[in-house]
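Colleague: The following block contains the structure, expressed as structure tokens.
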Amino acid sequence: MADPLSLIRGPSRAIASSLTCVTRPVTDVIGAVPALNQMGLLGPYRPDQVVGILTALRRWGMTPAAGYAAAAVRYPDAAAVIDEAGTLSFGDVHRRTTSLATGLAEAGIQEGDNVGVLCRNHRGFVEATVALSKLGADAYFLNTSFAGPQLSEVIRTEKVTALVYDQEFVEAARSGGRRCRRFVAWVDIPSGRERPRDPTVESLIAGHGDRPPAPPATPGRQIILTSGTTGRPRGANRGVPGTLNPLVAFLDRIPLRHRDTTLVAAPLFHAWGLGNYALSLVAGATVVLQRRFDPEAVLAAIEEHQVTVLAAVPVMIQRIMALPEATRRRYDTSSLRVVGLSGSPLSDRLAHAFMDSFGDIVYSLYGSTEVGWAAIATPQDLREAPGTAGFPPRGTVVRIVDDEGQEVPGGTTGRIFVGSELLFEGYTAGEGKEMLDKLMSTGDLGHLDEVGRLFVEGREDDMIVSGGENVFPQEVEELLRAHEGVADAAVVGVPDEQFGQRLKALIVTDRGRAVSPDEVKAYVRSNLSRFKVPRDVELVDELPRSPTGKVLKRELDGSQ
């Protein structure tokens, strides 16, 4: 084996050393050499490329602005973003975002401003993020399902002063962001809809040159909002990790490669979508974006662009598997090497069905906006231990504790606490999450098996107390989804005079298979304890879900 030091001599050593200006001494980078090499960060580089990359890093630090500036030096003509509007090279993105940053600055956006980004997955999201990074403004990624009142509340609480939005959200933008400067990122004019009154991103780019603005004194932040499924969305502030260890740990479990082609189907405003976009930038990957998820369109894009990595949420592959087999087989998806899933629980039935059809390429990540990733399950884990969230990656500590904070034995259910370099710095309003010995609560319950794999059993605040017995809905939901006639299921607690609460199951039946409420009850009764059998069963056409696939139980009967 080659001496690891030999891999970072010359120009590549200069690049690796530059990374440590915000991390640790070069000795820590040496341990990351295999991962850095896999991501293409170790060259080879021409001398002029070294100068250009170092200039970008010194100008903007470890930010999206530096990422695209450096990529434009190394791969100026390579495809960076592919969307419905066509293809942009890394050079295109760098030039266009410089022009956009200049235009936004002339429109009054300054370093330190809070700017909301209300965009679907397309170039406008990427370009707004990079341009704001060049200005040192903070980008707040807003959920595209926000209605006007909720958008208004977030804008007020997070002190957002400007808004970049897609035209389809014009009503919410005008009502919720009426006191903001507004800019339109994507113009889509169906019949009967007026043209935007607010300036467009394209007009700002076209009207300004590509002379870069002065570098900000403080790098702009990218703020992810929590999902808001159990309360109001809150901005979560995450700093740059102190070392390269989280990147190395991720690549140790999910084999991303230099110059991958990644289709990011998960919403970019969500931590999973944004994280995959950021990792793709580090790897010099081409990112394929689609504004709306359509299962057949995803398969078509995989074939057309020879996609190697798909970043999605579980409900998306559920919809792919719901396509007729003849439709799925119509497309050549043999280029796919990794299907990364996160954002909501992945059932073992769905994981196995997808892998049986597309190969053992599913990697499932469990984590949260606040703790980053806590566990990653490889295809082998998903086969060997159905339902597992996987092993904590290197450098991550997962501890299961009781209500008094004492660690519980393996196999015992308790509260999940996580420690790593990825813990967030706190909510923008100043609150934090519960801590225990430098470990942060995820708000979930689970257990570790005999070899250290994590199993997540549900949210602490989802627990239903029925007749003095504690029931965690996820266990019942997983069982119901394993029934051949059930496509989807949710379990909630509803008020009951005798038991305090009783269980209610909402069932989406599988295509072409009739399931009766009595059959559902009998099925649960034959597999679980009596007190876990739903007393009410309702058949519904679909369950309300967030863009990341989480069931919105607050919208279900009795779940308030």
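Just remember, in the structure tokens the first chain shown is A, the second B, etc., residues are 1-based per chain, and ligands are 1-based in the order shown.
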Would you give me, as a ChimeraX atom specification, the residues in segment 257-369 of chain A that DSSP reads as strand (DSSP E)?
Modeller: /A:261-264,286-288,309-312,338-341,362-368
Colleague: For C-alpha atoms, I'd like the residues from the last selection saved as a compact mmCIF listing (two decimals), in the first residue's frame.
Modeller:
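Writing done, so here's again35.txt:
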# COMPACT_ATOMS: atom_id res chain seq x y z
CA THR A 261 -24.67 11.90 -11.01
CA THR A 262 -27.12 12.44 -8.15
CA LEU A 263 -30.86 12.88 -8.49
CA VAL A 264 -31.98 14.74 -5.37
CA THR A 286 -23.82 16.50 -11.32
CA VAL A 287 -27.12 17.19 -9.54
CA VAL A 288 -30.38 16.35 -11.30
CA VAL A 309 -27.26 8.09 -6.71
CA LEU A 310 -30.89 8.73 -5.82
CA ALA A 311 -31.58 10.74 -2.64
CA ALA A 312 -35.22 10.33 -1.64
CA VAL A 338 -26.98 4.04 -4.19
CA VAL A 339 -30.53 4.85 -3.13
CA GLY A 340 -30.23 6.92 0.04
CA LEU A 341 -33.36 7.31 2.15
CA VAL A 362 -30.77 0.93 -0.38
CA TYR A 363 -29.04 2.88 2.41
CA SER A 364 -31.27 4.23 5.19
CA LEU A 365 -30.21 7.11 7.43
CA TYR A 366 -31.81 7.91 10.78
CA GLY A 367 -31.30 11.34 12.28
CA SER A 368 -32.88 14.74 12.69
Colleague: Can you pull out the residues contacting Ile53 of chain A? Cut-off 9 Å, using only C-alpha atoms, and skip same-chain residues under 6 positions away; I want them as a list in words.
Modeller: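 In the requested format, the answer is Ile15, Ala66, Gly67, Ala69, Ala70, Ala71, Ala72, Val73 and Arg74 of chain A.
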Colleague: Let's have the selection written as a compact mmCIF listing (two decimals), in the first residue's frame, with N, CA and C atoms.
Modeller:
# COMPACT_ATOMS: atom_id res chain seq x y z
N ILE A 15 -4.27 21.75 -1.23
CA ILE A 15 -5.73 21.75 -1.11
C ILE A 15 -6.14 21.16 0.23
N ALA A 66 -17.77 29.24 -1.96
CA ALA A 66 -16.44 28.70 -2.23
C ALA A 66 -16.53 27.39 -2.99
N GLY A 67 -17.54 26.58 -2.67
CA GLY A 67 -17.68 25.29 -3.33
C GLY A 67 -17.84 25.43 -4.84
N ALA A 69 -17.18 28.19 -6.65
CA ALA A 69 -16.02 28.89 -7.21
C ALA A 69 -14.87 27.91 -7.43
N ALA A 70 -14.64 27.02 -6.46
CA ALA A 70 -13.57 26.03 -6.60
C ALA A 70 -13.89 25.01 -7.69
N ALA A 71 -15.16 24.58 -7.75
CA ALA A 71 -15.55 23.61 -8.79
C ALA A 71 -15.43 24.23 -10.17
N ALA A 72 -15.71 25.53 -10.28
CA ALA A 72 -15.60 26.21 -11.57
C ALA A 72 -14.15 26.27 -12.04
N VAL A 73 -13.22 26.27 -11.10
CA VAL A 73 -11.81 26.23 -11.46
C VAL A 73 -11.43 24.84 -11.95
N ARG A 74 -11.94 23.83 -11.28
CA ARG A 74 -11.51 22.46 -11.58
C ARG A 74 -12.30 21.83 -12.73
Colleague: Could you tell me, as a VMD selection string, which residues of segment 260-330 of chain A DSSP assigns to helix (DSSP H, G or I) when given the backbone?
Modeller: chain A and resid 271 to 282 295 to 305 314 to 321 325 to 328
Colleague: Let me make sure I understand: among A:Tyr75, A:Glu457, A:Gly390, A:Tyr45, which one has the smallest atom-to-atom distance to Ser89 of chain A if we use only C-alpha atoms?
Modeller: A:Tyr75
Colleague: Can you tell me, as a PyMOL selection string, what residues are no more than 7 Å from Thr333 of chain A when counting only C-alpha atoms, ignoring any on the same chain fewer than 5 positions away?
Modeller: chain A and resi 299+302-303
Colleague: Name all residues at most 9 Å from Pro219 of chain A (count only C-alpha atoms; drop same-chain ones fewer than 6 positions away) and give them as JSON, numbers by chain.
Modeller: {"A": [60, 61, 62, 63, 111, 112, 133, 134, 135, 136, 137, 138]}
Colleague: Excluding Ala236 of chain A and residues on its chain fewer than 4 positions from it, collect all residues at most 10 Å away from it, counting only C-alpha atoms, and give them as a ChimeraX atom specification.
Modeller: /A:140,222-226,369-370,424-432
Colleague: Just the selected residues (N, CA and C atoms), exported as a PDB file, in the first residue's frame, please.
Modeller:
ATOM      1  N   TYR A 140     -32.705  31.177   4.806  1.00  0.00           N
ATOM      2  CA  TYR A 140     -33.676  30.397   5.585  1.00  0.00           C
ATOM      3  C   TYR A 140     -34.503  29.572   4.604  1.00  0.00           C
ATOM      4  N   GLN A 222     -26.719  28.799   6.474  1.00  0.00           N
ATOM      5  CA  GLN A 222     -27.860  28.146   5.852  1.00  0.00           C
ATOM      6  C   GLN A 222     -28.700  27.556   6.985  1.00  0.00           C
ATOM      7  N   ILE A 223     -29.898  28.087   7.144  1.00  0.00           N
ATOM      8  CA  ILE A 223     -30.759  27.733   8.270  1.00  0.00           C
ATOM      9  C   ILE A 223     -31.865  26.798   7.794  1.00  0.00           C
ATOM     10  N   ILE A 224     -31.919  25.612   8.382  1.00  0.00           N
ATOM     11  CA  ILE A 224     -32.971  24.649   8.084  1.00  0.00           C
ATOM     12  C   ILE A 224     -34.063  24.803   9.124  1.00  0.00           C
ATOM     13  N   LEU A 225     -35.304  24.777   8.689  1.00  0.00           N
ATOM     14  CA  LEU A 225     -36.423  24.835   9.613  1.00  0.00           C
ATOM     15  C   LEU A 225     -36.859  23.426   9.977  1.00  0.00           C
ATOM     16  N   THR A 226     -37.155  23.214  11.247  1.00  0.00           N
ATOM     17  CA  THR A 226     -37.700  21.929  11.650  1.00  0.00           C
ATOM     18  C   THR A 226     -39.036  21.712  10.957  1.00  0.00           C
ATOM     19  N   THR A 369     -32.931  17.081  12.161  1.00  0.00           N
ATOM     20  CA  THR A 369     -32.340  18.387  11.890  1.00  0.00           C
ATOM     21  C   THR A 369     -31.372  18.779  13.000  1.00  0.00           C
ATOM     22  N   GLU A 370     -31.715  18.410  14.244  1.00  0.00           N
ATOM     23  CA  GLU A 370     -30.930  18.862  15.398  1.00  0.00           C
ATOM     24  C   GLU A 370     -29.658  18.039  15.629  1.00  0.00           C
ATOM     25  N   PHE A 424     -26.563  20.351  16.372  1.00  0.00           N
ATOM     26  CA  PHE A 424     -26.779  21.744  15.988  1.00  0.00           C
ATOM     27  C   PHE A 424     -26.436  22.683  17.136  1.00  0.00           C
ATOM     28  N   GLU A 425     -26.323  23.968  16.818  1.00  0.00           N
ATOM     29  CA  GLU A 425     -25.892  24.954  17.810  1.00  0.00           C
ATOM     30  C   GLU A 425     -27.057  25.549  18.587  1.00  0.00           C
ATOM     31  N   GLY A 426     -28.265  25.177  18.218  1.00  0.00           N
ATOM     32  CA  GLY A 426     -29.441  25.706  18.897  1.00  0.00           C
ATOM     33  C   GLY A 426     -30.403  26.311  17.897  1.00  0.00           C
ATOM     34  N   TYR A 427     -31.641  26.515  18.343  1.00  0.00           N
ATOM     35  CA  TYR A 427     -32.626  27.164  17.486  1.00  0.00           C
ATOM     36  C   TYR A 427     -32.318  28.658  17.410  1.00  0.00           C
ATOM     37  N   THR A 428     -32.716  29.253  16.300  1.00  0.00           N
ATOM     38  CA  THR A 428     -32.392  30.663  16.095  1.00  0.00           C
ATOM     39  C   THR A 428     -33.052  31.557  17.132  1.00  0.00           C
ATOM     40  N   ALA A 429     -34.135  31.084  17.741  1.00  0.00           N
ATOM     41  CA  ALA A 429     -34.798  31.882  18.778  1.00  0.00           C
ATOM     42  C   ALA A 429     -34.109  31.753  20.135  1.00  0.00           C
ATOM     43  N   GLY A 430     -33.103  30.881  20.206  1.00  0.00           N
ATOM     44  CA  GLY A 430     -32.334  30.774  21.440  1.00  0.00           C
ATOM     45  C   GLY A 430     -32.553  29.500  22.224  1.00  0.00           C
ATOM     46  N   GLU A 431     -33.602  28.719  21.922  1.00  0.00           N
ATOM     47  CA  GLU A 431     -33.829  27.494  22.674  1.00  0.00           C
ATOM     48  C   GLU A 431     -32.866  26.396  22.208  1.00  0.00           C
ATOM     49  N   GLY A 432     -32.827  25.326  22.953  1.00  0.00           N
ATOM     50  CA  GLY A 432     -32.022  24.172  22.577  1.00  0.00           C
ATOM     51  C   GLY A 432     -32.790  22.893  22.803  1.00  0.00           C
TER      52      GLY A 432
END
Colleague: Looking at A:Thr129, A:Asn114, A:Gln318, A:Ser334, which one is nearest to Gly235 of chain A, with distances taken over only C-alpha atoms?
Modeller: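 Closest to Gly235 of chain A of all the choices is A:Asn114.
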Colleague: Would you pick out the contacts of segment 472-483 of chain A at 8 Å or less, using only C-alpha atoms, so that residues sharing its chain but fewer than 4 positions from it are not included, and give the list as a compact mmCIF listing (two decimals) with C-alpha atoms, in the first residue's frame?
Modeller:
# COMPACT_ATOMS: atom_id res chain seq x y z
CA SER A 347 -40.52 -0.27 6.68
CA ARG A 349 -41.34 -4.72 3.77
CA GLU A 457 -39.81 2.51 18.02
CA GLY A 458 -41.48 5.90 17.76
CA ARG A 459 -41.70 9.41 19.09
CA ASP A 462 -46.64 9.79 20.18
CA MET A 463 -47.16 7.34 23.03
CA ILE A 464 -50.80 6.41 23.58
CA ALA A 487 -50.56 0.04 1.25
CA ASP A 488 -50.24 2.54 4.09
CA ALA A 489 -51.35 2.92 7.70
CA ALA A 490 -51.38 5.33 10.61
CA VAL A 491 -52.42 4.78 14.22
CA VAL A 492 -53.58 7.57 16.52
CA VAL A 520 -57.45 -5.63 10.25
CA VAL A 524 -53.25 -7.27 14.81
CA LYS A 532 -52.51 -2.92 20.91
Colleague: Skip Ser466 of chain A itself and residues of its chain fewer than 4 positions away, then list as a list in words all residues within 12 Å of it, counting only C-alpha atoms.
Modeller: Asn470, Val471, Phe472, Pro473, Val492, Gly493, Val494, Pro495, Asp496, Glu497, Gln498, Phe499, Gly500, Gln501, Arg502, Leu503, Lys504, Arg530, Phe531, Lys532, Val533, Pro534 and Arg535 of chain A
